[in-house]
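Colleague: My structure file run_28.pdb, PDB, C-alpha atoms, pLDDT in the B column, is below:
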```
ATOM      1  CA  MET D   1      -0.662  22.533  -5.328  1.00 75.00           C
ATOM      2  CA  ALA D   2       2.598  20.616  -4.992  1.00 83.00           C
ATOM      3  CA  VAL D   3       2.281  16.847  -5.436  1.00 80.00           C
ATOM      4  CA  TRP D   4       3.637  16.090  -1.971  1.00 76.00           C
ATOM      5  CA  LYS D   5       0.801  18.202  -0.485  1.00 85.00           C
ATOM      6  CA  TYR D   6      -2.020  16.306  -2.210  1.00 88.00           C
ATOM      7  CA  TYR D   7      -4.630  15.148   0.297  1.00 91.00           C
ATOM      8  CA  PRO D   8      -4.116  11.438  -0.468  1.00 91.00           C
ATOM      9  CA  ASN D   9      -0.371  11.850   0.143  1.00 92.00           C
ATOM     10  CA  LEU D  10      -1.067  13.591   3.461  1.00 94.00           C
ATOM     11  CA  ILE D  11      -3.188  10.581   4.423  1.00 94.00           C
ATOM     12  CA  ASP D  12      -0.269   8.318   3.485  1.00 94.00           C
ATOM     13  CA  TYR D  13       2.044  10.333   5.743  1.00 95.00           C
ATOM     14  CA  LEU D  14      -0.459   9.791   8.570  1.00 96.00           C
ATOM     15  CA  ARG D  15      -0.571   6.052   7.778  1.00 95.00           C
ATOM     16  CA  LEU D  16       3.228   5.892   7.897  1.00 94.00           C
ATOM     17  CA  PHE D  17       3.267   7.698  11.252  1.00 96.00           C
ATOM     18  CA  LEU D  18       0.695   5.254  12.642  1.00 95.00           C
ATOM     19  CA  LEU D  19       2.816   2.329  11.473  1.00 93.00           C
ATOM     20  CA  ILE D  20       5.844   3.788  13.255  1.00 92.00           C
ATOM     21  CA  LEU D  21       3.736   3.827  16.442  1.00 92.00           C
ATOM     22  CA  VAL D  22       3.297   0.064  16.107  1.00 88.00           C
ATOM     23  CA  ALA D  23       7.026  -0.310  16.813  1.00 80.00           C
ATOM     24  CA  PHE D  24       6.413   1.124  20.271  1.00 86.00           C
ATOM     25  CA  PHE D  25       3.144  -0.688  21.021  1.00 87.00           C
ATOM     26  CA  TYR D  26       3.493  -4.040  19.232  1.00 83.00           C
ATOM     27  CA  ASN D  27       3.194  -5.903  22.560  1.00 83.00           C
ATOM     28  CA  ASN D  28      -0.207  -4.330  23.200  1.00 86.00           C
ATOM     29  CA  PHE D  29      -2.705  -6.338  21.155  1.00 85.00           C
ATOM     30  CA  TYR D  30      -5.523  -3.766  21.329  1.00 88.00           C
ATOM     31  CA  VAL D  31      -3.394  -0.771  20.324  1.00 90.00           C
ATOM     32  CA  THR D  32      -1.760  -2.724  17.491  1.00 88.00           C
ATOM     33  CA  THR D  33      -5.151  -3.932  16.274  1.00 87.00           C
ATOM     34  CA  THR D  34      -6.624  -0.420  16.343  1.00 91.00           C
ATOM     35  CA  ILE D  35      -3.655   1.005  14.474  1.00 91.00           C
ATOM     36  CA  PHE D  36      -3.662  -1.686  11.775  1.00 88.00           C
ATOM     37  CA  TRP D  37      -7.376  -1.422  11.091  1.00 88.00           C
ATOM     38  CA  SER D  38      -7.016   2.383  10.988  1.00 92.00           C
ATOM     39  CA  VAL D  39      -4.217   2.039   8.438  1.00 91.00           C
ATOM     40  CA  ILE D  40      -6.357  -0.289   6.289  1.00 86.00           C
ATOM     41  CA  LEU D  41      -9.375   2.029   6.511  1.00 88.00           C
ATOM     42  CA  LEU D  42      -7.233   5.075   5.671  1.00 91.00           C
ATOM     43  CA  ASP D  43      -5.833   3.210   2.656  1.00 87.00           C
ATOM     44  CA  ASP D  44      -9.339   2.822   1.279  1.00 83.00           C
ATOM     45  CA  ILE D  45     -10.205   6.464   2.034  1.00 87.00           C
ATOM     46  CA  ASN D  46      -6.920   7.545   0.455  1.00 88.00           C
ATOM     47  CA  GLY D  47      -7.746   5.846  -2.851  1.00 81.00           C
ATOM     48  CA  ARG D  48     -11.263   7.227  -2.979  1.00 83.00           C
ATOM     49  CA  ILE D  49     -10.071  10.783  -2.310  1.00 89.00           C
ATOM     50  CA  ALA D  50      -7.315  10.493  -4.923  1.00 86.00           C
ATOM     51  CA  ARG D  51      -9.810   9.457  -7.599  1.00 82.00           C
ATOM     52  CA  LYS D  52     -12.530  11.903  -6.543  1.00 89.00           C
ATOM     53  CA  LEU D  53     -10.221  14.955  -6.422  1.00 90.00           C
ATOM     54  CA  ASN D  54      -8.165  13.762  -9.404  1.00 88.00           C
ATOM     55  CA  GLN D  55      -5.023  13.940  -7.255  1.00 88.00           C
ATOM     56  CA  THR D  56      -3.235  10.897  -8.615  1.00 82.00           C
ATOM     57  CA  SER D  57       0.478  11.047  -9.323  1.00 83.00           C
ATOM     58  CA  ILE D  58       3.469   8.772  -9.746  1.00 80.00           C
ATOM     59  CA  PHE D  59       4.785  10.028  -6.399  1.00 86.00           C
ATOM     60  CA  GLY D  60       1.462   9.202  -4.716  1.00 86.00           C
ATOM     61  CA  ASP D  61       1.391   5.760  -6.323  1.00 81.00           C
ATOM     62  CA  MET D  62       4.918   4.993  -5.121  1.00 83.00           C
ATOM     63  CA  LEU D  63       4.205   6.419  -1.655  1.00 89.00           C
ATOM     64  CA  ASP D  64       1.004   4.385  -1.317  1.00 88.00           C
ATOM     65  CA  SER D  65       2.811   1.242  -2.432  1.00 84.00           C
ATOM     66  CA  PHE D  66       5.636   1.938   0.051  1.00 89.00           C
ATOM     67  CA  VAL D  67       3.190   2.424   2.951  1.00 92.00           C
ATOM     68  CA  ASP D  68       1.325  -0.763   1.997  1.00 89.00           C
ATOM     69  CA  LEU D  69       4.628  -2.641   1.887  1.00 90.00           C
ATOM     70  CA  THR D  70       5.613  -1.205   5.276  1.00 92.00           C
ATOM     71  CA  ALA D  71       2.292  -2.301   6.800  1.00 90.00           C
ATOM     72  CA  GLU D  72       2.676  -5.838   5.446  1.00 89.00           C
ATOM     73  CA  LEU D  73       6.291  -6.116   6.573  1.00 91.00           C
ATOM     74  CA  ILE D  74       5.525  -4.878  10.086  1.00 91.00           C
ATOM     75  CA  LEU D  75       2.649  -7.330  10.482  1.00 88.00           C
ATOM     76  CA  LEU D  76       4.711 -10.214   9.060  1.00 89.00           C
ATOM     77  CA  THR D  77       7.621  -9.344  11.354  1.00 89.00           C
ATOM     78  CA  ILE D  78       5.340  -9.309  14.405  1.00 87.00           C
ATOM     79  CA  LEU D  79       3.979 -12.690  13.319  1.00 86.00           C
ATOM     80  CA  MET D  80       7.473 -14.056  12.756  1.00 86.00           C
ATOM     81  CA  LEU D  81       8.573 -12.959  16.230  1.00 84.00           C
ATOM     82  CA  SER D  82       5.465 -14.259  17.984  1.00 81.00           C
ATOM     83  CA  CYS D  83       5.231 -17.602  16.132  1.00 79.00           C
ATOM     84  CA  LYS D  84       8.701 -19.026  16.397  1.00 79.00           C
ATOM     85  CA  ASN D  85       7.603 -22.444  15.098  1.00 80.00           C
ATOM     86  CA  PHE D  86       6.709 -20.817  11.777  1.00 83.00           C
ATOM     87  CA  TYR D  87       9.755 -18.554  11.496  1.00 85.00           C
ATOM     88  CA  PRO D  88      10.855 -19.951   8.073  1.00 87.00           C
ATOM     89  CA  PHE D  89       7.312 -19.601   6.680  1.00 87.00           C
ATOM     90  CA  PHE D  90       7.069 -15.934   7.636  1.00 88.00           C
ATOM     91  CA  LEU D  91      10.621 -15.271   6.466  1.00 89.00           C
ATOM     92  CA  VAL D  92       9.721 -16.639   3.025  1.00 90.00           C
ATOM     93  CA  LEU D  93       6.547 -14.517   3.035  1.00 89.00           C
ATOM     94  CA  ILE D  94       8.613 -11.418   3.870  1.00 90.00           C
ATOM     95  CA  ILE D  95      11.035 -12.131   1.008  1.00 91.00           C
ATOM     96  CA  LEU D  96       8.177 -12.749  -1.442  1.00 88.00           C
ATOM     97  CA  THR D  97       6.379  -9.592  -0.286  1.00 87.00           C
ATOM     98  CA  VAL D  98       9.451  -7.403  -0.787  1.00 88.00           C
ATOM     99  CA  PHE D  99      10.192  -8.987  -4.171  1.00 86.00           C
ATOM    100  CA  GLY D 100       6.563  -8.664  -5.284  1.00 80.00           C
ATOM    101  CA  HIS D 101       6.281  -5.004  -4.335  1.00 78.00           C
ATOM    102  CA  PHE D 102       9.668  -4.154  -5.832  1.00 79.00           C
ATOM    103  CA  SER D 103       8.924  -5.880  -9.134  1.00 76.00           C
ATOM    104  CA  HIS D 104       5.467  -4.311  -9.327  1.00 71.00           C
ATOM    105  CA  VAL D 105       6.827  -0.800  -8.757  1.00 69.00           C
ATOM    106  CA  TYR D 106       9.801  -1.398 -11.082  1.00 71.00           C
ATOM    107  CA  VAL D 107       7.586  -2.557 -13.938  1.00 67.00           C
ATOM    108  CA  SER D 108       5.273   0.423 -13.349  1.00 64.00           C
ATOM    109  CA  ALA D 109       8.142   2.901 -13.507  1.00 64.00           C
ATOM    110  CA  PHE D 110      10.403   1.370 -16.164  1.00 65.00           C
ATOM    111  CA  GLY D 111       8.480  -1.359 -17.934  1.00 58.00           C
ATOM    112  CA  GLU D 112       6.411  -1.430 -21.081  1.00 55.00           C
ATOM    113  CA  THR D 113       3.861   0.957 -19.587  1.00 53.00           C
ATOM    114  CA  LYS D 114       6.556   3.360 -18.424  1.00 50.00           C
ATOM    115  CA  TYR D 115       5.290   5.930 -15.914  1.00 48.00           C
ATOM    116  CA  GLN D 116       1.726   4.711 -16.221  1.00 53.00           C
ATOM    117  CA  HIS D 117      -0.158   4.095 -13.006  1.00 53.00           C
ATOM    118  CA  ARG D 118       0.201   0.371 -12.258  1.00 52.00           C
ATOM    119  CA  LYS D 119      -3.552  -0.032 -11.842  1.00 54.00           C
ATOM    120  CA  GLN D 120      -4.232   1.389 -15.325  1.00 54.00           C
ATOM    121  CA  ASN D 121      -2.443  -1.480 -17.088  1.00 54.00           C
ATOM    122  CA  LYS D 122      -5.472  -3.589 -17.959  1.00 54.00           C
ATOM    123  CA  ASN D 123      -3.826  -5.587 -20.766  1.00 61.00           C
ATOM    124  CA  ALA D 124      -2.447  -8.386 -18.587  1.00 59.00           C
ATOM    125  CA  GLN D 125      -2.767 -11.839 -20.121  1.00 65.00           C
ATOM    126  CA  ASN D 126      -3.505 -13.571 -16.820  1.00 66.00           C
ATOM    127  CA  PHE D 127      -7.255 -13.397 -16.099  1.00 70.00           C
ATOM    128  CA  ILE D 128      -6.856 -12.962 -12.319  1.00 69.00           C
ATOM    129  CA  LEU D 129      -4.192 -10.259 -12.689  1.00 66.00           C
ATOM    130  CA  ARG D 130      -6.303  -8.461 -15.310  1.00 68.00           C
ATOM    131  CA  LYS D 131      -9.349  -8.492 -12.998  1.00 69.00           C
ATOM    132  CA  TYR D 132      -7.200  -7.206 -10.135  1.00 66.00           C
ATOM    133  CA  LEU D 133      -5.742  -4.380 -12.235  1.00 65.00           C
ATOM    134  CA  GLU D 134      -9.172  -3.336 -13.465  1.00 67.00           C
ATOM    135  CA  GLY D 135      -9.857  -2.241  -9.919  1.00 63.00           C
ATOM    136  CA  GLY D 136     -13.313  -2.312  -8.509  1.00 67.00           C
ATOM    137  CA  ILE D 137     -14.643  -4.887  -6.118  1.00 75.00           C
ATOM    138  CA  PHE D 138     -12.174  -7.690  -7.029  1.00 74.00           C
ATOM    139  CA  MET D 139      -9.146  -5.554  -6.134  1.00 71.00           C
ATOM    140  CA  SER D 140     -10.747  -4.394  -2.895  1.00 72.00           C
ATOM    141  CA  VAL D 141     -11.782  -7.889  -1.833  1.00 78.00           C
ATOM    142  CA  THR D 142      -8.405  -9.496  -2.569  1.00 77.00           C
ATOM    143  CA  SER D 143      -6.421  -6.747  -0.831  1.00 76.00           C
ATOM    144  CA  PHE D 144      -8.746  -6.797   2.162  1.00 79.00           C
ATOM    145  CA  ALA D 145      -8.684 -10.608   2.289  1.00 83.00           C
ATOM    146  CA  TRP D 146      -4.874 -10.631   2.433  1.00 83.00           C
ATOM    147  CA  PHE D 147      -4.823  -8.273   5.420  1.00 81.00           C
ATOM    148  CA  VAL D 148      -7.641 -10.197   7.104  1.00 82.00           C
ATOM    149  CA  PHE D 149      -5.621 -13.404   6.654  1.00 85.00           C
ATOM    150  CA  LEU D 150      -2.496 -11.835   8.170  1.00 84.00           C
ATOM    151  CA  TYR D 151      -4.496 -10.235  10.970  1.00 83.00           C
ATOM    152  CA  SER D 152      -6.213 -13.573  11.686  1.00 82.00           C
ATOM    153  CA  LEU D 153      -2.812 -15.198  12.106  1.00 82.00           C
ATOM    154  CA  TYR D 154      -1.828 -12.371  14.448  1.00 84.00           C
ATOM    155  CA  PHE D 155      -5.065 -12.788  16.418  1.00 81.00           C
ATOM    156  CA  LEU D 156      -4.526 -16.537  16.685  1.00 76.00           C
ATOM    157  CA  SER D 157      -0.952 -16.011  17.863  1.00 78.00           C
ATOM    158  CA  VAL D 158      -2.282 -13.869  20.726  1.00 79.00           C
ATOM    159  CA  TYR D 159      -5.301 -16.102  21.500  1.00 74.00           C
ATOM    160  CA  PRO D 160      -4.208 -19.602  20.440  1.00 69.00           C
ATOM    161  CA  ARG D 161      -6.973 -21.442  22.314  1.00 66.00           C
ATOM    162  CA  LEU D 162      -9.528 -20.067  19.858  1.00 65.00           C
ATOM    163  CA  ALA D 163      -7.884 -22.042  17.053  1.00 58.00           C
ATOM    164  CA  PHE D 164      -9.809 -25.307  17.479  1.00 52.00           C
ATOM    165  CA  PHE D 165      -9.706 -26.413  13.859  1.00 47.00           C
ATOM    166  CA  ILE D 166      -7.348 -23.776  12.409  1.00 50.00           C
ATOM    167  CA  ILE D 167      -3.555 -24.013  12.365  1.00 47.00           C
ATOM    168  CA  CYS D 168      -2.193 -23.541  15.862  1.00 44.00           C
ATOM    169  CA  VAL D 169       0.339 -20.726  15.595  1.00 43.00           C
ATOM    170  CA  SER D 170       1.802 -20.428  19.058  1.00 43.00           C
ATOM    171  CA  ASP D 171       4.877 -22.021  20.596  1.00 43.00           C
ATOM    172  CA  ARG D 172       2.800 -23.956  23.153  1.00 45.00           C
ATOM    173  CA  LEU D 173       0.623 -25.751  20.609  1.00 47.00           C
ATOM    174  CA  ARG D 174       1.981 -27.889  17.798  1.00 47.00           C
ATOM    175  CA  PRO D 175      -0.008 -27.891  14.543  1.00 46.00           C
ATOM    176  CA  TRP D 176       0.862 -31.521  13.798  1.00 46.00           C
ATOM    177  CA  SER D 177      -0.518 -32.882  17.056  1.00 46.00           C
ATOM    178  CA  LEU D 178      -4.245 -32.684  17.633  1.00 45.00           C
ATOM    179  CA  TRP D 179      -3.773 -35.004  20.619  1.00 44.00           C
ATOM    180  CA  THR D 180      -1.499 -32.416  22.329  1.00 46.00           C
ATOM    181  CA  PHE D 181      -4.070 -29.735  21.567  1.00 43.00           C
ATOM    182  CA  LYS D 182      -6.893 -31.712  23.177  1.00 45.00           C
ATOM    183  CA  LYS D 183      -4.854 -32.420  26.301  1.00 44.00           C
ATOM    184  CA  GLU D 184      -4.051 -28.738  26.837  1.00 45.00           C
ATOM    185  CA  LEU D 185      -7.650 -27.546  26.747  1.00 43.00           C
ATOM    186  CA  PRO D 186      -9.147 -26.811  30.173  1.00 45.00           C
TER     187      PRO D 186
END
```
Re-express the file's structure as structure tokens.

Modeller:
Amino acid sequence: MAVWKYYPNLIDYLRLFLLILVAFFYNNFYVTTTIFWSVILLDDINGRIARKLNQTSIFGDMLDSFVDLTAELILLTILMLSCKNFYPFFLVLIILTVFGHFSHVYVSAFGETKYQHRKQNKNAQNFILRKYLEGGIFMSVTSFAWFVFLYSLYFLSVYPRLAFFIICVSDRLRPWSLWTFKKELP
């Protein structure tokens, strides 16, 4: 079977299509939420199928990384547009995300472990990076936690009154003024 027809790659094509739909429905909180959680769930299913069917490839690794990057960038862009007070923060996060993904993929393709799957490089000197690259529960928890953090910011930007003791991320509420926050509550 051709690499581009591997089942995990087909799932990645579906994930990419779902992310394109977000561009049309980003103003609808429920549709955007459903799509993003579907993309995250399909990412987990994708990895399990790739390992179970032994359908891993450099193309699949790059495609999966690209779809993950696209998901992060779309969510960060939505956050940047909806939380104008924190525009510089999200802009820096976007730049760091692009740089991080690019450097990770570049090192995987051309670095010391040339053409080795990036998650198979378990010789990292940094303890946290080594644990992450070993896979397993630590990788799953950290990846999931990052998306939960971004989604929480998105949720709070849509429903800012639920952010009693968390950073207020809407234009109406200022994070530096608890007094303003108390006055605006019904």

Colleague: Between D:Val158, D:Met1, D:Ala145, D:Leu19, which is the closest to Leu73 of chain D once you count all atoms listed in the file?

Modeller: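 Among the listed residues, the smallest separation from Leu73 of chain D belongs to D:Leu19.
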
Colleague: With all atoms listed in the file as the basis for distance, which of D:Phe24, D:Trp4, D:Tyr159, D:Phe66 is at the shortest distance from Thr97 of chain D?

Modeller: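 Looking only at the distances to Thr97 of chain D, the closest residue turns out to be D:Phe66.
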
Colleague: Which residue out of D:Tyr87, D:Asp61, D:Leu76, D:Phe25 has the minimum interatomic distance to Phe147 of chain D when all atoms listed in the file are used?

Modeller: D:Leu76

Colleague: Between atom CA of Asp68 of chain D and atom CA of Tyr106 of chain D, what is the spacing in Å?

Modeller: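 Atom CA of Asp68 of chain D lies at a distance of 15.6 Å from atom CA of Tyr106 of chain D.
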
Colleague: Using all atoms listed in the file, which of the listed residues (D:Leu75, D:Val3, D:Leu42, D:Val22) sits closest to Gly60 of chain D?

Modeller: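 Under the stated criterion, the closest residue is D:Val3.
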
Colleague: Would you kindly place N, CA, C and O atoms on segment 47-63 of chain D and return the model as a compact mmCIF listing (two decimals), keeping the file's coordinate frame?

Modeller:
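Output contents, as saved in result29.txt:
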```
# COMPACT_ATOMS: atom_id res chain seq x y z
N GLY D 47 -7.48 6.13 -1.44
CA GLY D 47 -7.75 5.85 -2.85
C GLY D 47 -8.98 6.55 -3.37
O GLY D 47 -9.00 7.09 -4.48
N ARG D 48 -10.03 6.56 -2.56
CA ARG D 48 -11.26 7.23 -2.98
C ARG D 48 -11.05 8.73 -3.15
O ARG D 48 -11.55 9.33 -4.11
N ILE D 49 -10.33 9.34 -2.22
CA ILE D 49 -10.07 10.78 -2.31
C ILE D 49 -9.20 11.10 -3.53
O ILE D 49 -9.45 12.08 -4.24
N ALA D 50 -8.20 10.26 -3.77
CA ALA D 50 -7.32 10.49 -4.92
C ALA D 50 -8.10 10.48 -6.23
O ALA D 50 -7.90 11.34 -7.10
N ARG D 51 -9.01 9.53 -6.37
CA ARG D 51 -9.81 9.46 -7.60
C ARG D 51 -10.85 10.58 -7.67
O ARG D 51 -11.06 11.17 -8.72
N LYS D 52 -11.48 10.88 -6.54
CA LYS D 52 -12.53 11.90 -6.54
C LYS D 52 -11.97 13.30 -6.83
O LYS D 52 -12.56 14.07 -7.58
N LEU D 53 -10.82 13.63 -6.24
CA LEU D 53 -10.22 14.96 -6.42
C LEU D 53 -9.24 14.99 -7.59
O LEU D 53 -8.61 16.03 -7.82
N ASN D 54 -9.10 13.87 -8.30
CA ASN D 54 -8.16 13.76 -9.40
C ASN D 54 -6.75 14.17 -8.96
O ASN D 54 -6.07 14.93 -9.63
N GLN D 55 -6.34 13.65 -7.81
CA GLN D 55 -5.02 13.94 -7.26
C GLN D 55 -4.15 12.69 -7.29
O GLN D 55 -3.52 12.33 -6.31
N THR D 56 -4.11 12.06 -8.45
CA THR D 56 -3.24 10.90 -8.62
C THR D 56 -1.91 11.37 -9.21
O THR D 56 -1.88 12.33 -9.98
N SER D 57 -0.85 10.70 -8.81
CA SER D 57 0.48 11.05 -9.32
C SER D 57 1.38 9.83 -9.17
O SER D 57 1.08 8.90 -8.42
N ILE D 58 2.49 9.86 -9.88
CA ILE D 58 3.47 8.77 -9.75
C ILE D 58 4.02 8.76 -8.32
O ILE D 58 4.17 7.70 -7.71
N PHE D 59 4.30 9.94 -7.78
CA PHE D 59 4.78 10.03 -6.40
C PHE D 59 3.78 9.41 -5.43
O PHE D 59 4.14 8.62 -4.55
N GLY D 60 2.50 9.75 -5.59
CA GLY D 60 1.46 9.20 -4.72
C GLY D 60 1.33 7.70 -4.86
O GLY D 60 1.13 6.98 -3.87
N ASP D 61 1.46 7.20 -6.09
CA ASP D 61 1.39 5.76 -6.32
C ASP D 61 2.55 5.05 -5.62
O ASP D 61 2.35 4.04 -4.94
N MET D 62 3.75 5.59 -5.76
CA MET D 62 4.92 4.99 -5.12
C MET D 62 4.82 5.09 -3.59
O MET D 62 5.16 4.15 -2.89
N LEU D 63 4.35 6.24 -3.10
CA LEU D 63 4.20 6.42 -1.66
C LEU D 63 3.18 5.44 -1.10
O LEU D 63 3.42 4.80 -0.07
```
